[in-house]
>>> print(open('upload_34.cif').read())   # mmCIF, C-alpha atoms
data_final
loop_
_atom_site.group_PDB
_atom_site.id
_atom_site.type_symbol
_atom_site.label_atom_id
_atom_site.label_comp_id
_atom_site.auth_asym_id
_atom_site.auth_seq_id
_atom_site.Cartn_x
_atom_site.Cartn_y
_atom_site.Cartn_z
ATOM 1 C CA MET O 1 7.912 16.274 -2.034
ATOM 2 C CA ASN O 2 9.310 19.231 -0.110
ATOM 3 C CA THR O 3 6.362 19.068 2.291
ATOM 4 C CA ILE O 4 7.361 15.629 3.618
ATOM 5 C CA SER O 5 9.367 15.852 6.823
ATOM 6 C CA ILE O 6 11.795 13.179 7.963
ATOM 7 C CA LYS O 7 9.739 12.792 11.128
ATOM 8 C CA ARG O 8 6.549 12.178 9.111
ATOM 9 C CA TRP O 9 8.362 9.676 6.854
ATOM 10 C CA ILE O 10 9.815 7.738 9.807
ATOM 11 C CA TRP O 11 6.403 7.663 11.468
ATOM 12 C CA SER O 12 4.666 6.467 8.269
ATOM 13 C CA THR O 13 7.273 3.793 7.570
ATOM 14 C CA SER O 14 7.264 2.574 11.176
ATOM 15 C CA LEU O 15 3.474 2.439 11.293
ATOM 16 C CA GLY O 16 3.511 0.608 7.948
ATOM 17 C CA TRP O 17 6.004 -1.898 9.361
ATOM 18 C CA LEU O 18 3.658 -2.497 12.303
ATOM 19 C CA LEU O 19 0.679 -2.813 9.952
ATOM 20 C CA SER O 20 2.648 -5.359 7.933
ATOM 21 C CA VAL O 21 2.578 -7.701 10.948
ATOM 22 C CA VAL O 22 -1.218 -7.768 10.612
ATOM 23 C CA PHE O 23 -0.963 -8.446 6.870
ATOM 24 C CA ILE O 24 1.590 -11.212 7.439
ATOM 25 C CA ILE O 25 -0.704 -12.930 9.952
ATOM 26 C CA LEU O 26 -3.681 -12.646 7.584
ATOM 27 C CA LEU O 27 -1.712 -13.925 4.581
ATOM 28 C CA SER O 28 -0.249 -16.741 6.662
ATOM 29 C CA GLY O 29 -3.754 -17.827 7.584
ATOM 30 C CA ILE O 30 -4.847 -17.713 3.953
ATOM 31 C CA PHE O 31 -1.818 -19.733 2.820
ATOM 32 C CA ASP O 32 -2.381 -22.302 5.572
ATOM 33 C CA SER O 33 -6.095 -22.595 4.783
ATOM 34 C CA VAL O 34 -5.371 -23.558 1.168
ATOM 35 C CA GLY O 35 -2.612 -25.997 2.143
ATOM 36 C CA ILE O 36 0.441 -23.932 1.205
ATOM 37 C CA HIS O 37 3.141 -24.546 3.817
ATOM 38 C CA GLY O 38 6.854 -23.814 4.081
ATOM 39 C CA TYR O 39 6.862 -20.626 2.016
ATOM 40 C CA GLN O 40 7.867 -17.144 3.179
ATOM 41 C CA CYS O 41 6.610 -15.065 0.255
ATOM 42 C CA TYR O 42 3.661 -13.959 2.364
ATOM 43 C CA VAL O 43 6.179 -12.201 4.628
ATOM 44 C CA GLY O 44 7.506 -10.108 1.733
ATOM 45 C CA ILE O 45 4.045 -9.422 0.367
ATOM 46 C CA GLY O 46 2.741 -8.470 3.823
ATOM 47 C CA VAL O 47 5.652 -6.130 4.527
ATOM 48 C CA GLY O 48 5.292 -4.602 1.062
ATOM 49 C CA MET O 49 1.595 -4.050 1.709
ATOM 50 C CA GLY O 50 2.038 -2.434 5.121
ATOM 51 C CA VAL O 51 5.076 -0.263 4.417
ATOM 52 C CA GLY O 52 3.987 0.548 0.871
ATOM 53 C CA PHE O 53 0.507 1.588 1.971
ATOM 54 C CA MET O 54 1.611 3.921 4.756
ATOM 55 C CA GLN O 55 4.379 5.488 2.663
ATOM 56 C CA TRP O 56 1.931 5.940 -0.203
ATOM 57 C CA VAL O 57 -0.604 7.639 2.111
ATOM 58 C CA THR O 58 2.102 10.121 3.118
ATOM 59 C CA LEU O 59 3.258 10.690 -0.459
ATOM 60 C CA LYS O 60 -0.300 11.008 -1.743
ATOM 61 C CA LYS O 61 -1.299 13.616 0.841
ATOM 62 C CA ARG O 62 1.828 15.725 0.566
ATOM 63 C CA ALA O 63 3.093 15.222 -2.972
ATOM 64 C CA GLY O 64 0.143 13.942 -4.988
ATOM 65 C CA PHE O 65 1.644 10.513 -5.764
ATOM 66 C CA GLY O 66 -0.567 7.946 -7.466
ATOM 67 C CA ASN O 67 -1.008 4.397 -6.240
ATOM 68 C CA LYS O 68 1.988 3.048 -8.192
ATOM 69 C CA TRP O 69 4.106 3.533 -5.064
ATOM 70 C CA LEU O 70 1.962 1.025 -3.208
ATOM 71 C CA TRP O 71 1.975 -1.533 -6.028
ATOM 72 C CA TYR O 72 5.686 -1.152 -6.757
ATOM 73 C CA THR O 73 6.447 -1.691 -3.067
ATOM 74 C CA ILE O 74 4.303 -4.824 -2.842
ATOM 75 C CA ILE O 75 5.803 -6.256 -6.035
ATOM 76 C CA GLY O 76 9.332 -5.069 -5.239
ATOM 77 C CA VAL O 77 9.370 -6.655 -1.778
ATOM 78 C CA GLY O 78 7.173 -9.682 -2.474
ATOM 79 C CA THR O 79 8.799 -10.943 -5.684
ATOM 80 C CA PRO O 80 12.257 -11.690 -4.219
ATOM 81 C CA PHE O 81 10.668 -13.632 -1.373
ATOM 82 C CA LEU O 82 8.663 -15.640 -3.917
ATOM 83 C CA LEU O 83 11.779 -16.194 -6.038
ATOM 84 C CA PHE O 84 13.767 -17.618 -3.119
ATOM 85 C CA ASP O 85 10.789 -19.768 -2.102
ATOM 86 C CA LEU O 86 10.585 -21.208 -5.607
ATOM 87 C CA LEU O 87 14.335 -21.832 -5.710
ATOM 88 C CA LYS O 88 14.067 -23.646 -2.398
ATOM 89 C CA HIS O 89 10.984 -25.733 -3.115
ATOM 90 C CA LEU O 90 11.238 -26.351 -6.848
ATOM 91 C CA GLY O 91 14.965 -25.971 -7.434
ATOM 92 C CA HIS O 92 15.935 -27.697 -4.180
ATOM 93 C CA TYR O 93 18.397 -24.980 -3.206
ATOM 94 C CA ASP O 94 18.886 -24.774 0.532
ATOM 95 C CA PHE O 95 19.755 -21.302 1.737
ATOM 96 C CA GLY O 96 19.669 -22.366 5.376
ATOM 97 C CA ASP O 97 19.531 -19.582 7.908
ATOM 98 C CA HIS O 98 20.325 -17.027 5.191
ATOM 99 C CA HIS O 99 17.011 -17.416 3.330
ATOM 100 C CA LEU O 100 15.444 -14.355 4.954
ATOM 101 C CA LEU O 101 18.557 -12.194 4.620
ATOM 102 C CA TYR O 102 18.924 -13.013 0.907
ATOM 103 C CA SER O 103 15.241 -12.300 0.330
ATOM 104 C CA VAL O 104 15.390 -8.975 2.174
ATOM 105 C CA SER O 105 18.587 -7.928 0.373
ATOM 106 C CA LEU O 106 17.138 -8.574 -3.065
ATOM 107 C CA ALA O 107 13.866 -6.958 -1.966
ATOM 108 C CA GLY O 108 15.725 -3.785 -0.979
ATOM 109 C CA LEU O 109 17.380 -3.615 -4.378
ATOM 110 C CA SER O 110 14.175 -4.457 -6.226
ATOM 111 C CA VAL O 111 11.957 -1.983 -4.409
ATOM 112 C CA GLY O 112 14.652 0.686 -4.677
ATOM 113 C CA ILE O 113 14.755 0.308 -8.455
ATOM 114 C CA MET O 114 10.986 0.292 -8.817
ATOM 115 C CA GLN O 115 10.400 3.278 -6.529
ATOM 116 C CA SER O 116 13.203 5.233 -8.191
ATOM 117 C CA LEU O 117 11.223 5.001 -11.442
ATOM 118 C CA ILE O 118 8.495 7.019 -9.738
ATOM 119 C CA LEU O 119 10.890 9.408 -7.991
ATOM 120 C CA ARG O 120 12.719 10.317 -11.200
ATOM 121 C CA ARG O 121 9.659 12.321 -12.239
ATOM 122 C CA TYR O 122 10.204 14.523 -9.180
ATOM 123 C CA THR O 123 13.992 14.695 -8.900
ATOM 124 C CA SER O 124 17.125 14.177 -10.959
ATOM 125 C CA LYS O 125 18.712 12.454 -7.939
ATOM 126 C CA ALA O 126 16.320 9.485 -7.909
ATOM 127 C CA VAL O 127 19.117 6.998 -8.620
ATOM 128 C CA ILE O 128 20.362 7.555 -5.044
ATOM 129 C CA TRP O 129 17.195 5.819 -3.873
ATOM 130 C CA ILE O 130 18.405 2.430 -5.155
ATOM 131 C CA PRO O 131 21.510 1.871 -2.977
ATOM 132 C CA VAL O 132 19.847 3.596 -0.022
ATOM 133 C CA ASN O 133 16.928 1.162 -0.141
ATOM 134 C CA PHE O 134 19.298 -1.769 -0.491
ATOM 135 C CA ILE O 135 21.115 -0.702 2.675
ATOM 136 C CA ALA O 136 17.924 0.304 4.535
ATOM 137 C CA TRP O 137 16.121 -2.975 3.929
ATOM 138 C CA ILE O 138 19.179 -5.012 4.919
ATOM 139 C CA ALA O 139 19.537 -2.963 8.116
ATOM 140 C CA ALA O 140 15.843 -3.437 8.919
ATOM 141 C CA GLY O 141 16.125 -7.156 8.210
ATOM 142 C CA LEU O 142 19.190 -7.519 10.399
ATOM 143 C CA THR O 143 17.337 -5.787 13.212
ATOM 144 C CA VAL O 144 14.627 -8.433 13.040
ATOM 145 C CA LEU O 145 17.144 -11.261 12.570
ATOM 146 C CA ALA O 146 18.834 -10.207 15.808
ATOM 147 C CA ILE O 147 15.952 -12.051 17.493
ATOM 148 C CA ASP O 148 17.863 -15.280 16.823
ATOM 149 C CA HIS O 149 20.411 -14.187 19.420
ATOM 150 C CA THR O 150 18.098 -13.008 22.182
ATOM 151 C CA ARG O 151 17.303 -16.568 23.256
ATOM 152 C CA GLU O 152 20.887 -17.029 24.344
ATOM 153 C CA LEU O 153 21.208 -13.598 25.949
ATOM 154 C CA ILE O 154 17.864 -13.143 27.710
ATOM 155 C CA LYS O 155 16.537 -16.027 29.779
ATOM 156 C CA PRO O 156 13.323 -14.763 31.446
ATOM 157 C CA PRO O 157 10.482 -15.278 28.914
ATOM 158 C CA LEU O 158 8.816 -11.910 29.564
ATOM 159 C CA TRP O 159 12.069 -9.999 29.006
ATOM 160 C CA GLY O 160 12.730 -12.069 25.897
ATOM 161 C CA PHE O 161 9.271 -11.242 24.554
ATOM 162 C CA ILE O 162 9.800 -7.522 25.182
ATOM 163 C CA ALA O 163 13.247 -7.614 23.553
ATOM 164 C CA ASN O 164 11.963 -9.524 20.517
ATOM 165 C CA LEU O 165 8.966 -7.252 20.060
ATOM 166 C CA SER O 166 11.264 -4.224 20.329
ATOM 167 C CA LEU O 167 13.581 -5.656 17.675
ATOM 168 C CA ILE O 168 10.680 -6.362 15.338
ATOM 169 C CA LEU O 169 9.319 -2.825 15.706
ATOM 170 C CA ALA O 170 12.808 -1.308 15.427
ATOM 171 C CA GLY O 171 13.049 -2.674 11.876
ATOM 172 C CA GLY O 172 10.472 -0.131 10.697
ATOM 173 C CA VAL O 173 12.170 2.706 12.531
ATOM 174 C CA VAL O 174 15.540 1.798 10.996
ATOM 175 C CA LEU O 175 13.985 1.567 7.522
ATOM 176 C CA GLY O 176 12.238 4.911 8.041
ATOM 177 C CA ILE O 177 15.338 6.725 9.307
ATOM 178 C CA ILE O 178 17.639 5.570 6.507
ATOM 179 C CA THR O 179 15.161 6.145 3.686
ATOM 180 C CA GLY O 180 13.876 9.362 5.287
ATOM 181 C CA LEU O 181 17.353 10.886 5.376
ATOM 182 C CA ALA O 182 17.812 9.927 1.738
ATOM 183 C CA LEU O 183 14.409 11.309 0.764
ATOM 184 C CA LYS O 184 15.417 14.651 2.249
ATOM 185 C CA ARG O 185 18.651 14.633 0.212
ATOM 186 C CA ILE O 186 17.075 13.823 -3.136
ATOM 187 C CA LYS O 187 14.295 16.425 -2.983
#
>>> encode(input="upload_34.cif", output="structure tokens")
Amino acid sequence: MNTISIKRWIWSTSLGWLLSVVFIILLSGIFDSVGIHGYQCYVGIGVGMGVGFMQWVTLKKRAGFGNKWLWYTIIGVGTPFLLFDLLKHLGHYDFGDHHLLYSVSLAGLSVGIMQSLILRRYTSKAVIWIPVNFIAWIAAGLTVLAIDHTRELIKPPLWGFIANLSLILAGGVVLGIITGLALKRIK
């Protein structure tokens, strides 16, 4: 793991975040085509796929990690989104505007726990990864959720589009910076 630079980690995580947009669009289309509407689990699964894949590529090349990192990220991020969807649709719990934030928060905790199980083979400080991921995923989620406020602040549509796209992409950078700094500390 000592061969992974913070810069490389931020780049991989950010690129994975961007790739997750593609996965989210594809999964959304699949869900819609089979008549599944009103769920957000495809967002968690798509983000887990994109971020998990690019982080795994970096870890595989530089530290010889197996594909568990990818699968743990998909499961760790996707499962909380599915859980909140099921609570909403089957349990009739309404989380309102907080649905995404709750899903992301639990996803950060979940993926942190699962990934720390892999990291503990490489470092005795793997437990640090859990709270760091919790914080990092919330920060990334809040970056994206800031889009809700741009409509009131930015009136011209083109500037609003640029601001929203920047906020979406910034989520991956924020996630990469926070987890990258932690990765450097636990090596």
>>> residues_around(input="upload_34.cif", residues="segment 48-64 of chain O", least_positions_apart="3", cutoff="10 Å", atoms="all atoms listed in the file", output="ChimeraX atom specification")
/O:1-5,8-24,42-45,67-79,107,111,122,172,175-176
>>> closest_residue(input="upload_34.cif", among="O:Lys155, O:Phe65, O:His89, O:Thr143", to="Gly38 of chain O", atoms="all atoms listed in the file")
O:His89
>>> atom_distance(input="upload_34.cif", atom1="atom CA of Gly180 of chain O", atom2="atom CA of Ile25 of chain O")
27.0 Å
>>> atom_distance(input="upload_34.cif", atom1="atom CA of Leu100 of chain O", atom2="atom CA of Lys184 of chain O")
29.1 Å
>>> residues_around(input="upload_34.cif", residues="segment 126-140 of chain O", least_positions_apart="3", cutoff="10 Å", atoms="all atoms listed in the file", output="number ranges by chain")
O: 17, 77, 101-123, 143-145, 167-183, 185-187
>>> atom_distance(input="upload_34.cif", atom1="atom CA of His99 of chain O", atom2="atom CA of Val47 of chain O")
16.1 Å
>>> closest_residue(input="upload_34.cif", among="O:Glu152, O:Ile6, O:Asp85, O:Phe95", to="Ile36 of chain O", atoms="only C-alpha atoms")
O:Asp85
>>> closest_residue(input="upload_34.cif", among="O:Gln40, O:Gly29, O:Phe161, O:Gly46", to="Phe84 of chain O", atoms="all atoms listed in the file")
O:Gln40
>>> closest_residue(input="upload_34.cif", among="O:Ser166, O:Cys41, O:His149, O:Gly66", to="Leu87 of chain O", atoms="only C-alpha atoms")
O:Cys41
>>> closest_residue(input="upload_34.cif", among="O:Lys7, O:Asp97, O:Ile162, O:Gly35", to="Asp148 of chain O", atoms="only C-alpha atoms")
O:Asp97
>>> closest_residue(input="upload_34.cif", among="O:Pro80, O:Ile147, O:Leu86, O:Leu26", to="Tyr39 of chain O", atoms="all atoms listed in the file")
O:Leu86
